[in-house]
$ cat my_file.cif   # mmCIF, C-alpha atoms and all ligand atoms
data_input
loop_
_atom_site.label_atom_id
_atom_site.label_comp_id
_atom_site.auth_asym_id
_atom_site.auth_seq_id
_atom_site.Cartn_x
_atom_site.Cartn_y
_atom_site.Cartn_z
CA MET A 17 -129.95 -31.63 10.08
CA THR A 18 -127.02 -33.63 11.51
CA THR A 19 -123.50 -32.32 11.95
CA THR A 20 -120.38 -34.47 11.85
CA SER A 21 -118.09 -34.45 14.86
CA ASP A 22 -115.43 -32.72 12.70
CA GLU A 23 -117.87 -29.91 11.85
CA ARG A 24 -118.88 -29.62 15.51
CA ARG A 25 -115.25 -29.33 16.59
CA ARG A 26 -114.54 -26.79 13.83
CA ASP A 27 -117.39 -24.68 15.25
CA GLU A 28 -115.99 -25.03 18.75
CA GLY A 29 -112.70 -23.49 17.61
CA ASP A 30 -110.60 -26.63 17.27
CA THR A 31 -107.74 -26.73 14.80
CA ASP A 32 -105.84 -29.12 12.53
CA PHE A 33 -102.88 -31.10 13.78
CA GLY A 34 -102.04 -33.01 10.61
CA PHE A 35 -105.23 -34.95 9.75
CA ARG A 36 -106.53 -34.81 13.33
CA ARG A 37 -108.71 -32.10 14.82
CA VAL A 38 -107.36 -31.06 18.23
CA ARG A 39 -108.31 -28.45 20.78
CA GLN A 40 -106.69 -25.06 20.14
CA GLU A 41 -105.19 -25.02 23.63
CA ASP A 42 -103.47 -28.38 23.01
CA HIS A 43 -102.09 -27.54 19.56
CA ALA A 44 -99.02 -25.44 20.48
CA GLY A 45 -97.83 -28.07 22.98
CA MET A 46 -98.21 -30.86 20.43
CA VAL A 47 -96.21 -28.91 17.82
CA SER A 48 -93.61 -28.02 20.42
CA ALA A 49 -93.16 -31.68 21.37
CA ILE A 50 -92.30 -32.46 17.75
CA PHE A 51 -89.56 -29.85 17.54
CA ASP A 52 -88.21 -30.76 21.00
CA SER A 53 -87.83 -34.27 19.70
CA VAL A 54 -86.18 -33.54 16.32
CA ALA A 55 -84.17 -30.34 17.03
CA ASP A 56 -80.72 -31.95 17.09
CA ARG A 57 -81.35 -33.86 13.86
CA TYR A 58 -83.50 -31.19 12.19
CA ASP A 59 -80.89 -29.79 9.76
CA LEU A 60 -79.62 -33.24 8.77
CA MET A 61 -83.20 -34.40 8.17
CA ASN A 62 -83.89 -31.38 5.95
CA ASP A 63 -80.98 -32.32 3.71
CA LEU A 64 -81.89 -36.00 3.62
CA MET A 65 -85.61 -35.69 3.05
CA SER A 66 -85.38 -32.95 0.41
CA GLY A 67 -82.21 -34.28 -1.26
CA GLY A 68 -80.70 -30.85 -0.55
CA LEU A 69 -83.54 -29.03 -2.36
CA HIS A 70 -84.44 -27.00 0.76
CA ARG A 71 -81.15 -25.15 0.25
CA LEU A 72 -82.24 -24.05 -3.23
CA TRP A 73 -85.68 -23.04 -1.97
CA LYS A 74 -84.10 -20.96 0.81
CA GLN A 75 -81.67 -19.42 -1.70
CA ALA A 76 -84.70 -18.41 -3.80
CA LEU A 77 -86.24 -16.84 -0.68
CA ILE A 78 -83.03 -14.91 0.03
CA ASP A 79 -82.79 -13.83 -3.64
CA TRP A 80 -86.30 -12.37 -3.40
CA LEU A 81 -85.57 -10.77 -0.01
CA ASN A 82 -82.41 -9.18 -1.42
CA PRO A 83 -80.92 -8.37 2.03
CA ARG A 84 -78.88 -5.20 2.39
CA THR A 85 -76.85 -3.83 5.30
CA SER A 86 -79.61 -1.35 6.23
CA MET A 87 -82.21 -4.12 6.63
CA ARG A 88 -83.78 -4.86 10.04
CA LEU A 89 -84.82 -8.48 9.63
CA ILE A 90 -86.86 -10.77 11.83
CA ASP A 91 -87.06 -14.45 10.87
CA VAL A 92 -90.15 -15.83 12.58
CA ALA A 93 -90.38 -19.58 13.26
CA GLY A 94 -86.65 -19.24 12.65
CA GLY A 95 -85.86 -22.66 14.11
CA THR A 96 -82.17 -23.50 13.85
CA GLY A 97 -81.43 -20.15 12.18
CA ASP A 98 -81.02 -21.44 8.64
CA VAL A 99 -82.73 -18.52 6.87
CA ALA A 100 -81.32 -15.74 9.09
CA LEU A 101 -77.79 -17.09 8.75
CA ARG A 102 -78.17 -17.34 4.98
CA ALA A 103 -79.31 -13.68 4.88
CA LEU A 104 -76.27 -12.68 6.94
CA GLU A 105 -73.95 -14.65 4.67
CA ARG A 106 -75.49 -13.08 1.56
CA VAL A 107 -74.86 -9.54 2.83
CA ALA A 108 -71.38 -10.41 4.10
CA SER A 109 -70.36 -11.94 0.76
CA ARG A 110 -71.80 -9.08 -1.29
CA GLU A 111 -71.11 -6.04 0.84
CA GLY A 112 -68.50 -7.33 3.29
CA ALA A 113 -70.70 -6.09 6.15
CA MET A 114 -73.41 -7.18 8.58
CA LEU A 115 -77.13 -6.57 8.44
CA ASP A 116 -78.21 -3.76 10.77
CA ALA A 117 -80.27 -6.07 12.97
CA VAL A 118 -81.22 -9.73 12.71
CA THR A 119 -83.63 -11.50 15.04
CA ILE A 120 -84.34 -15.21 15.05
CA CYS A 121 -87.69 -15.74 16.73
CA ASP A 122 -89.09 -19.17 17.64
CA PRO A 123 -91.14 -20.55 20.55
CA ASN A 124 -89.01 -23.69 20.85
CA TYR A 125 -85.93 -23.56 23.12
CA ALA A 126 -84.41 -26.72 21.64
CA MET A 127 -84.48 -25.24 18.14
CA LEU A 128 -83.15 -21.86 19.37
CA ARG A 129 -80.32 -23.64 21.20
CA VAL A 130 -79.18 -25.11 17.87
CA ALA A 131 -79.57 -21.65 16.25
CA LYS A 132 -77.34 -20.14 18.91
CA ARG A 133 -74.68 -22.81 18.39
CA ARG A 134 -74.80 -22.29 14.62
CA ALA A 135 -74.58 -18.48 14.96
CA ILE A 136 -71.53 -18.83 17.23
CA ASP A 137 -69.89 -21.31 14.84
CA ALA A 138 -70.49 -18.88 11.96
CA GLY A 139 -68.98 -15.99 13.97
CA HIS A 140 -72.26 -14.07 14.26
CA LEU A 141 -72.86 -14.17 18.00
CA ASN A 142 -73.07 -10.40 18.46
CA GLY A 143 -75.07 -9.70 15.34
CA VAL A 144 -78.00 -11.97 16.06
CA ALA A 145 -80.78 -11.64 18.65
CA LEU A 146 -82.60 -14.79 19.72
CA VAL A 147 -86.19 -14.35 20.87
CA CYS A 148 -88.42 -17.10 22.22
CA ALA A 149 -91.98 -16.32 21.07
CA ARG A 150 -94.88 -17.51 18.96
CA ALA A 151 -95.78 -15.83 15.69
CA GLU A 152 -99.25 -15.08 17.06
CA ALA A 153 -97.82 -12.79 19.77
CA LEU A 154 -94.52 -11.25 18.72
CA PRO A 155 -92.79 -9.29 21.52
CA VAL A 156 -91.75 -6.66 18.99
CA THR A 157 -92.78 -2.99 18.71
CA SER A 158 -95.09 -2.17 15.81
CA ARG A 159 -93.21 -1.13 12.63
CA ALA A 160 -89.86 -2.12 14.17
CA VAL A 161 -88.51 -4.17 11.26
CA SER A 162 -88.05 -3.56 7.55
CA ALA A 163 -88.26 -7.23 6.55
CA CYS A 164 -89.89 -10.27 7.94
CA THR A 165 -89.53 -13.91 6.82
CA ILE A 166 -91.19 -17.15 7.83
CA SER A 167 -89.93 -20.38 6.32
CA PHE A 168 -91.74 -23.71 6.81
CA GLY A 169 -93.27 -22.11 9.90
CA LEU A 170 -96.74 -20.80 9.00
CA ARG A 171 -98.01 -24.39 8.62
CA ASN A 172 -97.23 -25.01 12.30
CA VAL A 173 -98.90 -22.04 13.96
CA THR A 174 -102.13 -22.51 15.87
CA ASP A 175 -103.85 -19.38 14.55
CA ARG A 176 -102.63 -18.46 11.05
CA MET A 177 -104.64 -15.24 10.72
CA ALA A 178 -103.35 -13.98 14.09
CA ALA A 179 -99.79 -14.81 12.97
CA LEU A 180 -100.21 -12.99 9.65
CA SER A 181 -101.61 -9.94 11.48
CA GLU A 182 -98.59 -9.90 13.78
CA LEU A 183 -96.16 -10.29 10.87
CA HIS A 184 -97.87 -7.30 9.23
CA ARG A 185 -97.93 -5.24 12.47
CA VAL A 186 -94.18 -5.44 13.13
CA LEU A 187 -93.29 -4.35 9.58
CA ASP A 188 -92.40 -0.72 8.93
CA MET A 189 -94.12 1.14 6.05
CA GLY A 190 -92.64 -0.20 2.82
CA GLY A 191 -91.46 -3.31 4.64
CA HIS A 192 -91.32 -6.69 2.92
CA PHE A 193 -92.81 -10.00 4.13
CA LEU A 194 -91.84 -13.33 2.59
CA CYS A 195 -93.22 -16.76 3.38
CA LEU A 196 -91.64 -20.01 2.14
CA GLU A 197 -93.89 -23.00 2.71
CA PHE A 198 -94.85 -26.41 1.37
CA SER A 199 -97.91 -26.30 -0.82
CA PRO A 200 -100.69 -28.84 -1.29
CA SER A 201 -100.90 -27.85 -5.00
CA VAL A 202 -98.34 -30.22 -6.50
CA MET A 203 -98.37 -30.72 -10.31
CA PRO A 204 -100.75 -33.62 -11.13
CA MET A 205 -97.99 -35.61 -12.89
CA LEU A 206 -95.95 -35.56 -9.66
CA ALA A 207 -98.83 -36.18 -7.27
CA SER A 208 -98.79 -39.97 -6.89
CA LEU A 209 -95.00 -40.15 -6.57
CA TYR A 210 -95.06 -37.28 -4.10
CA ASP A 211 -97.81 -38.96 -2.04
CA ALA A 212 -95.88 -42.24 -1.91
CA TYR A 213 -92.73 -40.38 -0.91
CA SER A 214 -94.34 -38.27 1.78
CA TYR A 215 -96.53 -40.95 3.38
CA ARG A 216 -94.03 -43.82 3.20
CA VAL A 217 -90.44 -42.61 2.84
CA LEU A 218 -90.65 -39.51 5.06
CA PRO A 219 -91.98 -41.27 8.20
CA TRP A 220 -89.46 -44.09 7.63
CA LEU A 221 -86.59 -41.58 7.35
CA GLY A 222 -87.92 -39.75 10.41
CA GLU A 223 -87.82 -42.94 12.44
CA ARG A 224 -84.36 -43.97 11.23
CA VAL A 225 -82.61 -40.61 11.44
CA ALA A 226 -84.48 -38.48 13.97
CA GLY A 227 -85.98 -41.33 15.99
CA ASP A 228 -89.47 -39.88 15.52
CA ARG A 229 -91.79 -41.39 12.91
CA GLU A 230 -94.85 -39.36 13.99
CA ALA A 231 -93.05 -36.02 13.53
CA TYR A 232 -92.57 -36.71 9.83
CA GLN A 233 -96.03 -38.23 9.47
CA TYR A 234 -97.30 -34.92 10.87
CA LEU A 235 -95.20 -33.06 8.27
CA ALA A 236 -96.80 -34.99 5.39
CA GLU A 237 -100.31 -34.49 6.78
CA SER A 238 -99.93 -30.82 7.71
CA ILE A 239 -98.87 -30.00 4.13
CA ARG A 240 -102.20 -31.39 2.88
CA ARG A 241 -104.09 -29.27 5.40
CA PHE A 242 -102.26 -26.06 4.45
CA PRO A 243 -104.13 -23.65 2.11
CA ASP A 244 -103.32 -23.61 -1.60
CA PRO A 245 -101.23 -20.61 -2.78
CA GLU A 246 -104.18 -18.54 -4.01
CA THR A 247 -106.04 -18.99 -0.69
CA LEU A 248 -102.95 -18.03 1.29
CA ALA A 249 -102.50 -14.95 -0.92
CA GLY A 250 -106.13 -14.01 -0.06
CA GLU A 251 -105.44 -14.46 3.66
CA MET A 252 -102.41 -12.17 3.35
CA ARG A 253 -104.52 -9.50 1.64
CA ALA A 254 -107.19 -9.89 4.32
CA THR A 255 -104.61 -9.20 7.05
CA GLY A 256 -103.46 -6.00 5.35
CA PHE A 257 -100.57 -6.93 3.04
CA GLY A 258 -100.38 -5.13 -0.30
CA ASN A 259 -98.86 -6.10 -3.67
CA VAL A 260 -99.23 -9.77 -2.78
CA SER A 261 -97.71 -12.24 -5.22
CA TYR A 262 -96.32 -15.76 -5.15
CA ARG A 263 -94.14 -18.22 -7.04
CA ALA A 264 -94.38 -21.99 -7.04
CA LEU A 265 -91.11 -23.94 -7.08
CA SER A 266 -90.22 -27.56 -7.85
CA GLY A 267 -93.51 -28.45 -9.55
CA GLY A 268 -95.57 -26.81 -6.82
CA ILE A 269 -93.99 -28.67 -3.89
CA VAL A 270 -93.25 -25.32 -2.26
CA ALA A 271 -94.39 -21.73 -2.81
CA ILE A 272 -92.91 -18.39 -1.85
CA HIS A 273 -95.42 -15.65 -1.04
CA SER A 274 -94.45 -11.99 -0.96
CA GLY A 275 -96.40 -9.07 0.52
CA TRP A 276 -95.64 -5.50 1.50
CA ARG A 277 -96.77 -3.07 4.17
CA VAL A 278 -98.13 -0.27 2.04
C1 LIG A 301 -90.15 -26.72 10.14
S1 LIG A 301 -89.40 -25.65 11.31
C2 LIG A 301 -88.76 -24.36 10.28
C3 LIG A 301 -87.46 -23.80 10.79
C4 LIG A 301 -86.76 -22.82 9.85
N1 LIG A 301 -87.58 -21.67 9.59
C5 LIG A 301 -86.38 -23.49 8.56
O1 LIG A 301 -86.90 -23.11 7.51
O2 LIG A 301 -85.54 -24.40 8.59
C6 LIG A 301 -90.82 -24.92 12.03
C7 LIG A 301 -90.54 -24.03 13.20
O3 LIG A 301 -91.76 -23.39 13.56
C8 LIG A 301 -91.74 -23.21 14.96
N2 LIG A 301 -93.10 -22.94 15.44
C9 LIG A 301 -94.04 -23.81 15.84
N3 LIG A 301 -95.14 -23.15 16.24
C10 LIG A 301 -94.90 -21.85 16.08
C11 LIG A 301 -95.64 -20.66 16.32
N4 LIG A 301 -96.88 -20.70 16.81
N5 LIG A 301 -95.06 -19.49 16.05
C12 LIG A 301 -93.81 -19.43 15.53
N6 LIG A 301 -93.06 -20.52 15.28
C13 LIG A 301 -93.60 -21.71 15.55
C14 LIG A 301 -91.14 -24.50 15.47
O4 LIG A 301 -90.67 -24.38 16.80
C15 LIG A 301 -90.05 -24.76 14.44
O5 LIG A 301 -88.81 -24.25 14.85
#

$ encode --input "my_file.cif" --output "structure tokens"
Amino acid sequence: MTTTSDERRRDEGDTDFGFRRVRQEDHAGMVSAIFDSVADRYDLMNDLMSGGLHRLWKQALIDWLNPRTSMRLIDVAGGTGDVALRALERVASREGAMLDAVTICDPNYAMLRVAKRRAIDAGHLNGVALVCARAEALPVTSRAVSACTISFGLRNVTDRMAALSELHRVLDMGGHFLCLEFSPSVMPMLASLYDAYSYRVLPWLGERVAGDREAYQYLAESIRRFPDPETLAGEMRATGFGNVSYRALSGGIVAIHSGWRV
């Protein structure tokens, strides 16, 4: 029996980087190089490439999270702080107060630097902790947080099961985990338009606006390599989450998964 080189590399513990198989030890550096390159244009690119839709998807995430002042929240793969700052704003506008504790965690200094600037501009410097770490090894005590979010981050980790285990470990009993991520399960009637957009327009926009075509080529490819919502729900159950459910948004372009520490 013959094995393909892809199968051989899968056996040897390699991992996907878009459509390429790369060595596990190279993956984190390759992902990091992308976010080093696009950090300063990241938020602008999100608005341009999604036509502002990412704001609605993040609002839906925050609606489901339902942040309250007593919440201890960690936003993993928090990037430029978009989700954490939205959670803070939601509590401030509803209760006129701060969340008890908010941590933005990300392994990329360039992205965290933008998060820090945004937190200062929004007047939240003292209320937000910035932590530089990967989802697979969170420097957080077990059961330390009551809520944990990851938005457009799980697709980028090197070892998804290790990341899910960590996200479960840091949650307190009764704590809530939410994941917002692109999904490969787009409605069939949208599929060809979506393919054309993601393989042609996205890399073009990436080159024009962020000066990095490959970063947005990687985005399009990594979405196709990400598990479908039902498979991801199974992975969450396998790492210990209970009451797992999910919702697809915008014709299946993204999905929000929810799980609890029970
Ligand atoms: C597409 S951005 C998402 C940022 C933000 N959560 C948002 O929704 O706008 C992906 C983030 O994942 C981070 N990342 C990459 N590898 C990671 C890992 N192993 N663990 C945690 N975060 C990672 C990147 O540095 C980047 O900031």

$ residues_near_ligand --input "my_file.cif" --ligand "ligand LIG 301 (chain A)" --cutoff "9 Å" --atoms "all atoms listed in the file" --output "short mmCIF file (atom, residue, chain, number, x, y, z; two decimals) with C-alpha atoms, keeping the file's coordinate frame"
data_model
loop_
_atom_site.label_atom_id
_atom_site.label_comp_id
_atom_site.auth_asym_id
_atom_site.auth_seq_id
_atom_site.Cartn_x
_atom_site.Cartn_y
_atom_site.Cartn_z
CA HIS A 43 -102.09 -27.54 19.56
CA ALA A 44 -99.02 -25.44 20.48
CA GLY A 45 -97.83 -28.07 22.98
CA VAL A 47 -96.21 -28.91 17.82
CA SER A 48 -93.61 -28.02 20.42
CA ALA A 49 -93.16 -31.68 21.37
CA ILE A 50 -92.30 -32.46 17.75
CA PHE A 51 -89.56 -29.85 17.54
CA ASP A 52 -88.21 -30.76 21.00
CA ALA A 55 -84.17 -30.34 17.03
CA TYR A 58 -83.50 -31.19 12.19
CA ASP A 59 -80.89 -29.79 9.76
CA ASN A 62 -83.89 -31.38 5.95
CA HIS A 70 -84.44 -27.00 0.76
CA LYS A 74 -84.10 -20.96 0.81
CA ASP A 91 -87.06 -14.45 10.87
CA VAL A 92 -90.15 -15.83 12.58
CA ALA A 93 -90.38 -19.58 13.26
CA GLY A 94 -86.65 -19.24 12.65
CA GLY A 95 -85.86 -22.66 14.11
CA THR A 96 -82.17 -23.50 13.85
CA GLY A 97 -81.43 -20.15 12.18
CA ASP A 98 -81.02 -21.44 8.64
CA VAL A 99 -82.73 -18.52 6.87
CA ALA A 100 -81.32 -15.74 9.09
CA CYS A 121 -87.69 -15.74 16.73
CA ASP A 122 -89.09 -19.17 17.64
CA PRO A 123 -91.14 -20.55 20.55
CA ASN A 124 -89.01 -23.69 20.85
CA TYR A 125 -85.93 -23.56 23.12
CA ALA A 126 -84.41 -26.72 21.64
CA MET A 127 -84.48 -25.24 18.14
CA LEU A 128 -83.15 -21.86 19.37
CA CYS A 148 -88.42 -17.10 22.22
CA ALA A 149 -91.98 -16.32 21.07
CA ARG A 150 -94.88 -17.51 18.96
CA ALA A 151 -95.78 -15.83 15.69
CA GLU A 152 -99.25 -15.08 17.06
CA ALA A 153 -97.82 -12.79 19.77
CA LEU A 154 -94.52 -11.25 18.72
CA THR A 165 -89.53 -13.91 6.82
CA ILE A 166 -91.19 -17.15 7.83
CA SER A 167 -89.93 -20.38 6.32
CA PHE A 168 -91.74 -23.71 6.81
CA GLY A 169 -93.27 -22.11 9.90
CA LEU A 170 -96.74 -20.80 9.00
CA ARG A 171 -98.01 -24.39 8.62
CA ASN A 172 -97.23 -25.01 12.30
CA VAL A 173 -98.90 -22.04 13.96
CA THR A 174 -102.13 -22.51 15.87
CA ASP A 175 -103.85 -19.38 14.55
CA ARG A 176 -102.63 -18.46 11.05
CA ALA A 179 -99.79 -14.81 12.97
CA LEU A 196 -91.64 -20.01 2.14
CA GLU A 197 -93.89 -23.00 2.71
CA LEU A 235 -95.20 -33.06 8.27
#

$ closest_residue --input "my_file.cif" --among "A:Gly250, A:Gly34, A:Gly67, A:Gly191" --to "Arg277 in chain A" --atoms "all atoms listed in the file"
A:Gly191

$ closest_residue --input "my_file.cif" --among "A:Ser199, A:Asn82, A:Ser162, A:Ser181" --to "Ile272 in chain A" --atoms "all atoms listed in the file"
A:Ser199

$ residues_around --input "my_file.cif" --residues "Val144 in chain A" --least-positions-apart "4" --cutoff "7 Å" --atoms "all atoms listed in the file" --output "ChimeraX atom specification"
/A:118-119,140

$ axis_aligned_box --input "my_file.cif" --around "range 196-202 of chain A" --padding-each-side "5 Å" --output "lines of an AutoDock Vina configuration file"
center_x = -96.3
center_y = -25.1
center_z = -1.9
size_x = 19.3
size_y = 20.2
size_z = 19.2

$ residues_near_point --input "my_file.cif" --point "(-99.8, 2.3, 6.0)" --cutoff "12 Å" --atoms "all atoms listed in the file" --output "compact mmCIF listing (two decimals) with C-alpha atoms, keeping the file's coordinate frame"
# COMPACT_ATOMS: atom_id res chain seq x y z
CA SER A 158 -95.09 -2.17 15.81
CA ARG A 159 -93.21 -1.13 12.63
CA HIS A 184 -97.87 -7.30 9.23
CA ARG A 185 -97.93 -5.24 12.47
CA VAL A 186 -94.18 -5.44 13.13
CA LEU A 187 -93.29 -4.35 9.58
CA ASP A 188 -92.40 -0.72 8.93
CA MET A 189 -94.12 1.14 6.05
CA GLY A 190 -92.64 -0.20 2.82
CA GLY A 191 -91.46 -3.31 4.64
CA GLY A 256 -103.46 -6.00 5.35
CA PHE A 257 -100.57 -6.93 3.04
CA GLY A 258 -100.38 -5.13 -0.30
CA TRP A 276 -95.64 -5.50 1.50
CA ARG A 277 -96.77 -3.07 4.17
CA VAL A 278 -98.13 -0.27 2.04

$ atom_distance --input "my_file.cif" --atom1 "CA of Pro219 in chain A" --atom2 "CA of Asp63 in chain A"
14.9 Å

$ decode --input "my_file.cif" --residues "range 164-229 of chain A" --atoms "C-alpha atoms" --output "PDB file, in the first residue's frame"
ATOM      1  CA  CYS A 164     -14.092  32.943  27.958  1.00  0.00           C
ATOM      2  CA  THR A 165     -14.362  34.068  24.317  1.00  0.00           C
ATOM      3  CA  ILE A 166     -12.331  33.392  21.199  1.00  0.00           C
ATOM      4  CA  SER A 167     -13.231  35.248  18.022  1.00  0.00           C
ATOM      5  CA  PHE A 168     -11.657  34.393  14.652  1.00  0.00           C
ATOM      6  CA  GLY A 169      -8.815  32.865  16.665  1.00  0.00           C
ATOM      7  CA  LEU A 170      -9.383  29.101  16.917  1.00  0.00           C
ATOM      8  CA  ARG A 171      -8.675  28.737  13.167  1.00  0.00           C
ATOM      9  CA  ASN A 172      -5.146  30.055  13.759  1.00  0.00           C
ATOM     10  CA  VAL A 173      -3.977  27.901  16.636  1.00  0.00           C
ATOM     11  CA  THR A 174      -1.474  25.125  16.030  1.00  0.00           C
ATOM     12  CA  ASP A 175      -3.183  22.536  18.243  1.00  0.00           C
ATOM     13  CA  ARG A 176      -6.951  23.090  18.416  1.00  0.00           C
ATOM     14  CA  MET A 177      -7.680  20.314  20.922  1.00  0.00           C
ATOM     15  CA  ALA A 178      -4.993  21.617  23.294  1.00  0.00           C
ATOM     16  CA  ALA A 179      -6.478  25.121  22.968  1.00  0.00           C
ATOM     17  CA  LEU A 180     -10.018  23.891  23.687  1.00  0.00           C
ATOM     18  CA  SER A 181      -8.745  21.983  26.745  1.00  0.00           C
ATOM     19  CA  GLU A 182      -7.078  25.136  28.053  1.00  0.00           C
ATOM     20  CA  LEU A 183     -10.192  27.246  27.409  1.00  0.00           C
ATOM     21  CA  HIS A 184     -12.170  24.671  29.413  1.00  0.00           C
ATOM     22  CA  ARG A 185      -9.554  24.458  32.210  1.00  0.00           C
ATOM     23  CA  VAL A 186      -9.531  28.188  32.994  1.00  0.00           C
ATOM     24  CA  LEU A 187     -13.342  28.378  33.247  1.00  0.00           C
ATOM     25  CA  ASP A 188     -14.975  28.246  36.664  1.00  0.00           C
ATOM     26  CA  MET A 189     -17.867  25.805  37.262  1.00  0.00           C
ATOM     27  CA  GLY A 190     -20.898  27.194  35.441  1.00  0.00           C
ATOM     28  CA  GLY A 191     -18.623  29.317  33.263  1.00  0.00           C
ATOM     29  CA  HIS A 192     -19.482  30.099  29.653  1.00  0.00           C
ATOM     30  CA  PHE A 193     -17.286  29.634  26.564  1.00  0.00           C
ATOM     31  CA  LEU A 194     -18.141  31.227  23.222  1.00  0.00           C
ATOM     32  CA  CYS A 195     -16.329  30.847  19.921  1.00  0.00           C
ATOM     33  CA  LEU A 196     -17.011  33.031  16.869  1.00  0.00           C
ATOM     34  CA  GLU A 197     -15.367  31.682  13.742  1.00  0.00           C
ATOM     35  CA  PHE A 198     -15.674  31.461   9.972  1.00  0.00           C
ATOM     36  CA  SER A 199     -17.260  28.246   8.836  1.00  0.00           C
ATOM     37  CA  PRO A 200     -16.623  26.150   5.731  1.00  0.00           C
ATOM     38  CA  SER A 201     -20.371  25.284   5.605  1.00  0.00           C
ATOM     39  CA  VAL A 202     -21.686  28.170   3.520  1.00  0.00           C
ATOM     40  CA  MET A 203     -25.198  27.836   2.007  1.00  0.00           C
ATOM     41  CA  PRO A 204     -24.880  26.172  -1.445  1.00  0.00           C
ATOM     42  CA  MET A 205     -26.571  29.127  -3.200  1.00  0.00           C
ATOM     43  CA  LEU A 206     -23.852  31.443  -1.850  1.00  0.00           C
ATOM     44  CA  ALA A 207     -20.918  29.097  -2.389  1.00  0.00           C
ATOM     45  CA  SER A 208     -19.662  30.124  -5.833  1.00  0.00           C
ATOM     46  CA  LEU A 209     -19.979  33.854  -5.112  1.00  0.00           C
ATOM     47  CA  TYR A 210     -18.283  33.351  -1.757  1.00  0.00           C
ATOM     48  CA  ASP A 211     -15.439  31.363  -3.366  1.00  0.00           C
ATOM     49  CA  ALA A 212     -14.877  34.053  -5.994  1.00  0.00           C
ATOM     50  CA  TYR A 213     -14.902  36.736  -3.312  1.00  0.00           C
ATOM     51  CA  SER A 214     -12.559  34.956  -0.943  1.00  0.00           C
ATOM     52  CA  TYR A 215     -10.005  33.702  -3.482  1.00  0.00           C
ATOM     53  CA  ARG A 216      -9.933  36.808  -5.692  1.00  0.00           C
ATOM     54  CA  VAL A 217     -11.191  39.912  -3.899  1.00  0.00           C
ATOM     55  CA  LEU A 218      -9.774  39.191  -0.427  1.00  0.00           C
ATOM     56  CA  PRO A 219      -6.125  38.708  -1.508  1.00  0.00           C
ATOM     57  CA  TRP A 220      -6.433  41.767  -3.779  1.00  0.00           C
ATOM     58  CA  LEU A 221      -7.794  43.876  -0.889  1.00  0.00           C
ATOM     59  CA  GLY A 222      -5.073  42.477   1.376  1.00  0.00           C
ATOM     60  CA  GLU A 223      -2.397  43.599  -1.042  1.00  0.00           C
ATOM     61  CA  ARG A 224      -3.910  47.049  -1.611  1.00  0.00           C
ATOM     62  CA  VAL A 225      -4.815  47.921   1.972  1.00  0.00           C
ATOM     63  CA  ALA A 226      -2.579  45.874   4.268  1.00  0.00           C
ATOM     64  CA  GLY A 227       0.297  45.371   1.820  1.00  0.00           C
ATOM     65  CA  ASP A 228       0.110  41.598   2.312  1.00  0.00           C
ATOM     66  CA  ARG A 229      -1.626  39.448  -0.303  1.00  0.00           C
TER      67      ARG A 229
END
